[in-house]
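Raw upload-v5.txt, compact mmCIF, C-alpha atoms:
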# COMPACT_ATOMS: atom_id res chain seq x y z
CA MET A 1 85.95 -52.16 -170.10
CA PRO A 2 88.82 -52.71 -172.58
CA ASP A 3 90.99 -55.66 -171.59
CA ALA A 4 93.95 -54.01 -173.31
CA LEU A 5 94.33 -51.32 -170.65
CA PRO A 6 97.65 -51.68 -168.82
CA LEU A 7 97.32 -52.73 -165.19
CA ARG A 8 98.76 -50.79 -162.30
CA LEU A 9 98.99 -52.39 -158.85
CA VAL A 10 99.20 -50.07 -155.85
CA LEU A 11 100.35 -51.76 -152.64
CA ALA A 12 98.79 -50.07 -149.60
CA SER A 13 101.56 -51.17 -147.25
CA ALA A 14 104.92 -49.95 -145.98
CA SER A 15 106.17 -53.53 -145.66
CA PRO A 16 109.37 -54.09 -147.67
CA ALA A 17 108.77 -57.86 -147.38
CA ARG A 18 105.41 -57.60 -149.16
CA ARG A 19 106.89 -55.47 -151.91
CA LYS A 20 109.81 -57.88 -152.31
CA SER A 21 107.40 -60.83 -152.58
CA LEU A 22 105.61 -59.15 -155.46
CA GLN A 23 108.84 -58.17 -157.16
CA SER A 24 110.18 -61.72 -156.86
CA ALA A 25 107.02 -62.91 -158.59
CA GLY A 26 107.53 -60.54 -161.50
CA ILE A 27 105.20 -57.78 -160.28
CA GLU A 28 106.47 -54.24 -159.74
CA PRO A 29 103.93 -52.42 -157.53
CA ASP A 30 103.62 -48.77 -156.72
CA VAL A 31 103.65 -48.25 -152.96
CA LEU A 32 101.37 -45.85 -151.14
CA VAL A 33 101.30 -46.16 -147.35
CA SER A 34 97.79 -46.05 -145.91
CA GLY A 35 98.49 -44.45 -142.53
CA VAL A 36 95.62 -46.39 -140.91
CA ASP A 37 95.61 -46.41 -137.09
CA GLU A 38 95.47 -50.16 -136.41
CA SER A 39 94.50 -49.65 -132.76
CA LEU A 40 91.06 -48.39 -133.81
CA VAL A 41 89.87 -51.86 -134.83
CA VAL A 42 88.92 -54.24 -132.02
CA THR A 43 87.64 -57.78 -132.52
CA GLU A 44 87.98 -61.17 -130.86
CA ARG A 45 88.79 -63.10 -134.05
CA ALA A 46 92.22 -62.78 -135.62
CA GLU A 47 90.80 -63.53 -139.07
CA ASP A 48 88.26 -60.70 -138.78
CA LEU A 49 90.86 -58.24 -137.50
CA CYS A 50 93.45 -58.76 -140.24
CA LEU A 51 90.79 -58.63 -142.97
CA GLU A 52 89.18 -55.46 -141.61
CA LEU A 53 92.58 -53.77 -141.36
CA ALA A 54 93.46 -54.86 -144.89
CA ARG A 55 90.14 -53.42 -146.06
CA LEU A 56 90.74 -50.13 -144.26
CA LYS A 57 94.25 -49.81 -145.70
CA ALA A 58 93.00 -50.36 -149.23
CA GLN A 59 90.14 -47.91 -148.70
CA ALA A 60 92.44 -45.22 -147.30
CA VAL A 61 94.70 -45.41 -150.35
CA LEU A 62 91.72 -45.71 -152.69
CA GLY A 63 90.51 -42.30 -151.55
CA ARG A 64 93.79 -40.72 -152.65
CA LEU A 65 93.76 -42.11 -156.19
CA ARG A 66 91.84 -41.06 -159.28
CA PRO A 67 91.03 -43.45 -162.13
CA THR A 68 92.40 -42.58 -165.56
CA ASP A 69 91.41 -43.58 -169.07
CA ASP A 70 94.79 -45.05 -169.95
CA GLU A 71 95.24 -47.64 -167.18
CA ARG A 72 93.32 -49.95 -164.87
CA THR A 73 94.39 -49.40 -161.26
CA LEU A 74 94.19 -52.05 -158.56
CA VAL A 75 94.76 -51.38 -154.86
CA LEU A 76 95.95 -54.17 -152.56
CA GLY A 77 95.66 -53.80 -148.78
CA CYS A 78 97.21 -56.43 -146.50
CA ASP A 79 97.51 -56.98 -142.78
CA SER A 80 98.87 -59.81 -140.64
CA VAL A 81 98.36 -60.96 -137.05
CA LEU A 82 99.41 -64.00 -135.05
CA ALA A 83 96.84 -66.01 -133.13
CA PHE A 84 98.56 -67.59 -130.13
CA ASP A 85 97.10 -69.00 -126.91
CA GLY A 86 93.75 -67.38 -127.66
CA GLU A 87 95.34 -63.94 -128.10
CA ILE A 88 95.74 -61.75 -131.16
CA LEU A 89 99.33 -60.58 -131.49
CA GLY A 90 100.30 -57.76 -133.83
CA LYS A 91 103.57 -55.87 -133.54
CA PRO A 92 105.12 -55.85 -130.03
CA ASP A 93 104.87 -52.63 -128.05
CA ASN A 94 108.54 -52.63 -127.07
CA GLU A 95 111.56 -54.90 -126.47
CA ALA A 96 110.19 -56.20 -123.17
CA ASP A 97 106.94 -57.18 -124.88
CA ALA A 98 108.82 -58.93 -127.70
CA THR A 99 110.94 -60.83 -125.17
CA ARG A 100 107.89 -61.99 -123.21
CA ARG A 101 106.24 -63.20 -126.41
CA TRP A 102 109.24 -65.26 -127.46
CA GLU A 103 109.54 -66.78 -124.00
CA ARG A 104 105.94 -67.98 -124.41
CA MET A 105 106.16 -68.98 -128.07
CA ARG A 106 109.38 -71.00 -128.06
CA GLY A 107 108.83 -74.69 -128.65
CA ARG A 108 105.17 -74.11 -129.45
CA SER A 109 103.01 -73.09 -132.42
CA GLY A 110 100.59 -70.37 -133.50
CA VAL A 111 98.59 -69.42 -136.58
CA LEU A 112 99.61 -66.46 -138.73
CA HIS A 113 96.65 -64.86 -140.50
CA SER A 114 97.10 -62.41 -143.38
CA GLY A 115 94.12 -60.48 -144.69
CA HIS A 116 94.03 -59.37 -148.34
CA SER A 117 91.70 -56.77 -149.83
CA LEU A 118 92.00 -56.14 -153.58
CA VAL A 119 90.04 -53.30 -155.19
CA ASP A 120 89.56 -52.56 -158.88
CA ILE A 121 89.00 -48.80 -158.95
CA VAL A 122 87.51 -48.47 -162.42
CA ALA A 123 85.19 -51.47 -162.15
CA GLY A 124 84.24 -50.60 -158.57
CA ARG A 125 84.74 -54.23 -157.50
CA ARG A 126 86.48 -55.78 -154.52
CA ALA A 127 87.77 -59.27 -153.72
CA GLU A 128 88.84 -60.22 -150.19
CA ALA A 129 90.08 -63.25 -148.27
CA VAL A 130 92.33 -64.39 -145.43
CA ALA A 131 95.25 -66.81 -145.75
CA SER A 132 96.25 -68.76 -142.62
CA THR A 133 99.43 -70.72 -141.90
CA VAL A 134 100.48 -72.70 -138.82
CA VAL A 135 103.92 -71.68 -137.55
CA HIS A 136 106.01 -73.99 -135.33
CA PHE A 137 108.63 -72.11 -133.31
CA ALA A 138 111.99 -73.53 -132.29
CA ASP A 139 112.83 -73.98 -128.61
CA VAL A 140 115.19 -71.02 -128.63
CA SER A 141 117.44 -70.12 -125.70
CA ASP A 142 117.25 -66.99 -123.55
CA HIS A 143 120.43 -65.76 -125.22
CA GLU A 144 118.96 -66.22 -128.69
CA ILE A 145 115.82 -64.35 -127.68
CA ALA A 146 117.76 -61.46 -126.16
CA THR A 147 120.08 -61.20 -129.14
CA TYR A 148 117.24 -61.36 -131.64
CA VAL A 149 115.13 -58.77 -129.83
CA ALA A 150 118.15 -56.45 -129.60
CA THR A 151 118.33 -56.35 -133.42
CA GLY A 152 114.99 -54.55 -133.48
CA GLU A 153 113.55 -56.82 -136.15
CA PRO A 154 110.82 -58.38 -133.94
CA LEU A 155 109.47 -54.92 -133.11
CA ALA A 156 108.60 -54.22 -136.73
CA VAL A 157 106.56 -57.31 -137.60
CA ALA A 158 103.34 -59.01 -136.54
CA GLY A 159 103.95 -61.80 -134.03
CA ALA A 160 107.50 -60.55 -133.35
CA PHE A 161 109.15 -62.85 -135.91
CA THR A 162 110.03 -63.28 -139.57
CA ILE A 163 110.83 -66.28 -141.73
CA ASP A 164 112.62 -64.26 -144.41
CA GLY A 165 114.98 -62.39 -142.11
CA LEU A 166 116.94 -62.87 -138.91
CA GLY A 167 114.05 -64.80 -137.36
CA GLY A 168 114.15 -67.53 -139.99
CA PRO A 169 116.34 -69.94 -137.99
CA PHE A 170 113.90 -69.73 -135.08
CA VAL A 171 110.97 -71.13 -137.08
CA GLU A 172 111.28 -74.92 -137.33
CA ARG A 173 108.52 -75.43 -139.88
CA ILE A 174 105.23 -74.12 -141.18
CA GLU A 175 102.02 -75.69 -142.45
CA GLY A 176 100.75 -73.63 -145.36
CA ASP A 177 101.92 -70.95 -147.76
CA PRO A 178 105.21 -69.29 -146.67
CA GLY A 179 104.03 -66.06 -148.29
CA THR A 180 101.25 -65.83 -145.74
CA VAL A 181 103.86 -65.53 -142.99
CA VAL A 182 105.71 -62.86 -144.96
CA GLY A 183 102.40 -61.02 -145.20
CA LEU A 184 101.25 -61.58 -148.78
CA SER A 185 100.06 -64.88 -150.22
CA LEU A 186 100.73 -65.01 -153.96
CA PRO A 187 98.39 -67.98 -154.57
CA LEU A 188 95.62 -66.09 -152.79
CA LEU A 189 96.38 -62.95 -154.79
CA ARG A 190 96.01 -65.04 -157.95
CA SER A 191 92.59 -66.21 -156.78
CA LEU A 192 91.46 -62.69 -155.89
CA LEU A 193 92.52 -61.43 -159.31
CA ALA A 194 90.50 -64.23 -160.91
CA GLU A 195 87.42 -63.03 -158.99
CA LEU A 196 87.92 -59.67 -160.71
CA ASP A 197 88.25 -61.41 -164.09
CA LEU A 198 92.00 -60.78 -164.21
CA ARG A 199 95.08 -63.00 -164.42
CA ILE A 200 98.20 -62.66 -162.32
CA THR A 201 100.20 -62.93 -165.53
CA ASP A 202 98.65 -59.61 -166.57
CA LEU A 203 100.78 -57.99 -163.86
CA TRP A 204 104.05 -59.62 -164.82
CA THR A 205 107.08 -57.69 -165.99
CA LYS A 206 109.87 -59.26 -168.00
CA VAL A 207 113.46 -59.35 -166.74
CA ALA A 208 116.19 -60.12 -169.26
CA PRO A 209 118.94 -62.65 -168.35
CA GLY A 210 121.27 -61.07 -165.85
CA ASN A 211 118.55 -58.64 -164.77
CA GLN A 212 119.90 -55.95 -167.12
CA ILE A 213 116.57 -54.85 -168.56
CA VAL A 214 113.05 -54.64 -167.20
CA GLU A 215 110.17 -53.98 -169.59
CA PRO A 216 106.41 -54.58 -169.58
CA LEU A 217 105.23 -57.92 -170.89
CA GLY A 218 103.03 -57.95 -173.99

Show me the file's structure as structure tokens.
Amino acid sequence: MPDALPLRLVLASASPARRKSLQSAGIEPDVLVSGVDESLVVTERAEDLCLELARLKAQAVLGRLRPTDDERTLVLGCDSVLAFDGEILGKPDNEADATRRWERMRGRSGVLHSGHSLVDIVAGRRAEAVASTVVHFADVSDHEIATYVATGEPLAVAGAFTIDGLGGPFVERIEGDPGTVVGLSLPLLRSLLAELDLRITDLWTKVAPGNQIVEPLG
């Protein structure tokens, strides 16, 4: 396979945080939402669940793409869940559920797992792994919980919190890669690309000073 073929990365996720993480790292992905019904996958291990969902998301998007002779297309599926008190927590069902979670989580810690499934369409190869990060929550007040839940942000994210949004002040510290908590670990993505004999720098775009111009590297 010619190494000179331009690379295209398709992100199989509707998450604006994942897309922003890639863009901040110099990678401009195409986005194609998978539409996978996450409730169909049941498992007792958070690591298995997030990886299986990431795999299903990548596979769903993969089936809607066709390889071409003028580019090498990669599909990246990601999924995140929080392991807390022996439970697997995805997105809350509603505001009451989000409130109950925060009342339990405050002043304590959980582990955020993010599954990554990267597929090279032309080569027919796949690289997968899970990144895990310990999250220590602040001892937030009832008022802070109610106000945060009322914003709607906790309803849209795994574990009912963010570190790159309104929930940031309510996370005291983490142990691990912050990108894992956002939902996409860039160091792990680099490793997965290496398994497919690719470099993360192959996906970079170049931004001129002042962000006036964006053009492909190379």

Non-local contacts of A:Arg72 (7 Å; all atoms listed in the file; under 2 positions in same chain excluded) as a list in words: Leu5, Pro6, Leu7, Arg8, Leu74 and Val122 of chain A

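Each of A:Ser141, A:Thr73, A:Thr43, A:Thr99 was compared to A:Asp30 using only C-alpha atoms, and A:Thr73 turns out to be the nearest.
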
Using all atoms listed in the file, which of A:Gly152, A:Ile163, A:Asn94, A:Val182 sits nearest A:Ser132?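 Distance minimum relative to A:Ser132 lands on A:Val182.
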
Here is a test: counting only C-alpha atoms, which residue of A:Ile174, A:Val36, A:Leu118, A:Ile145 is nearest to A:Leu11? A:Leu118

Which residue of A:Val42, A:Val135, A:Leu198, A:Val33 approaches A:Val119 most closely, using all atoms listed in the file: A:Leu198

Which polymer residues, whether protein, DNA or RNA, lie within 8 Å of the coordinate (99.4, -63.7, -131.5) when you count all atoms listed in the file? List them as an MDAnalysis selection string, using the chain letters and numbers from the file. chainID A and resid 81:90 110:112 158:159

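Atom to atom, atom CA of A:His116 and atom CA of A:Gly167 stand 23.5 Å apart.
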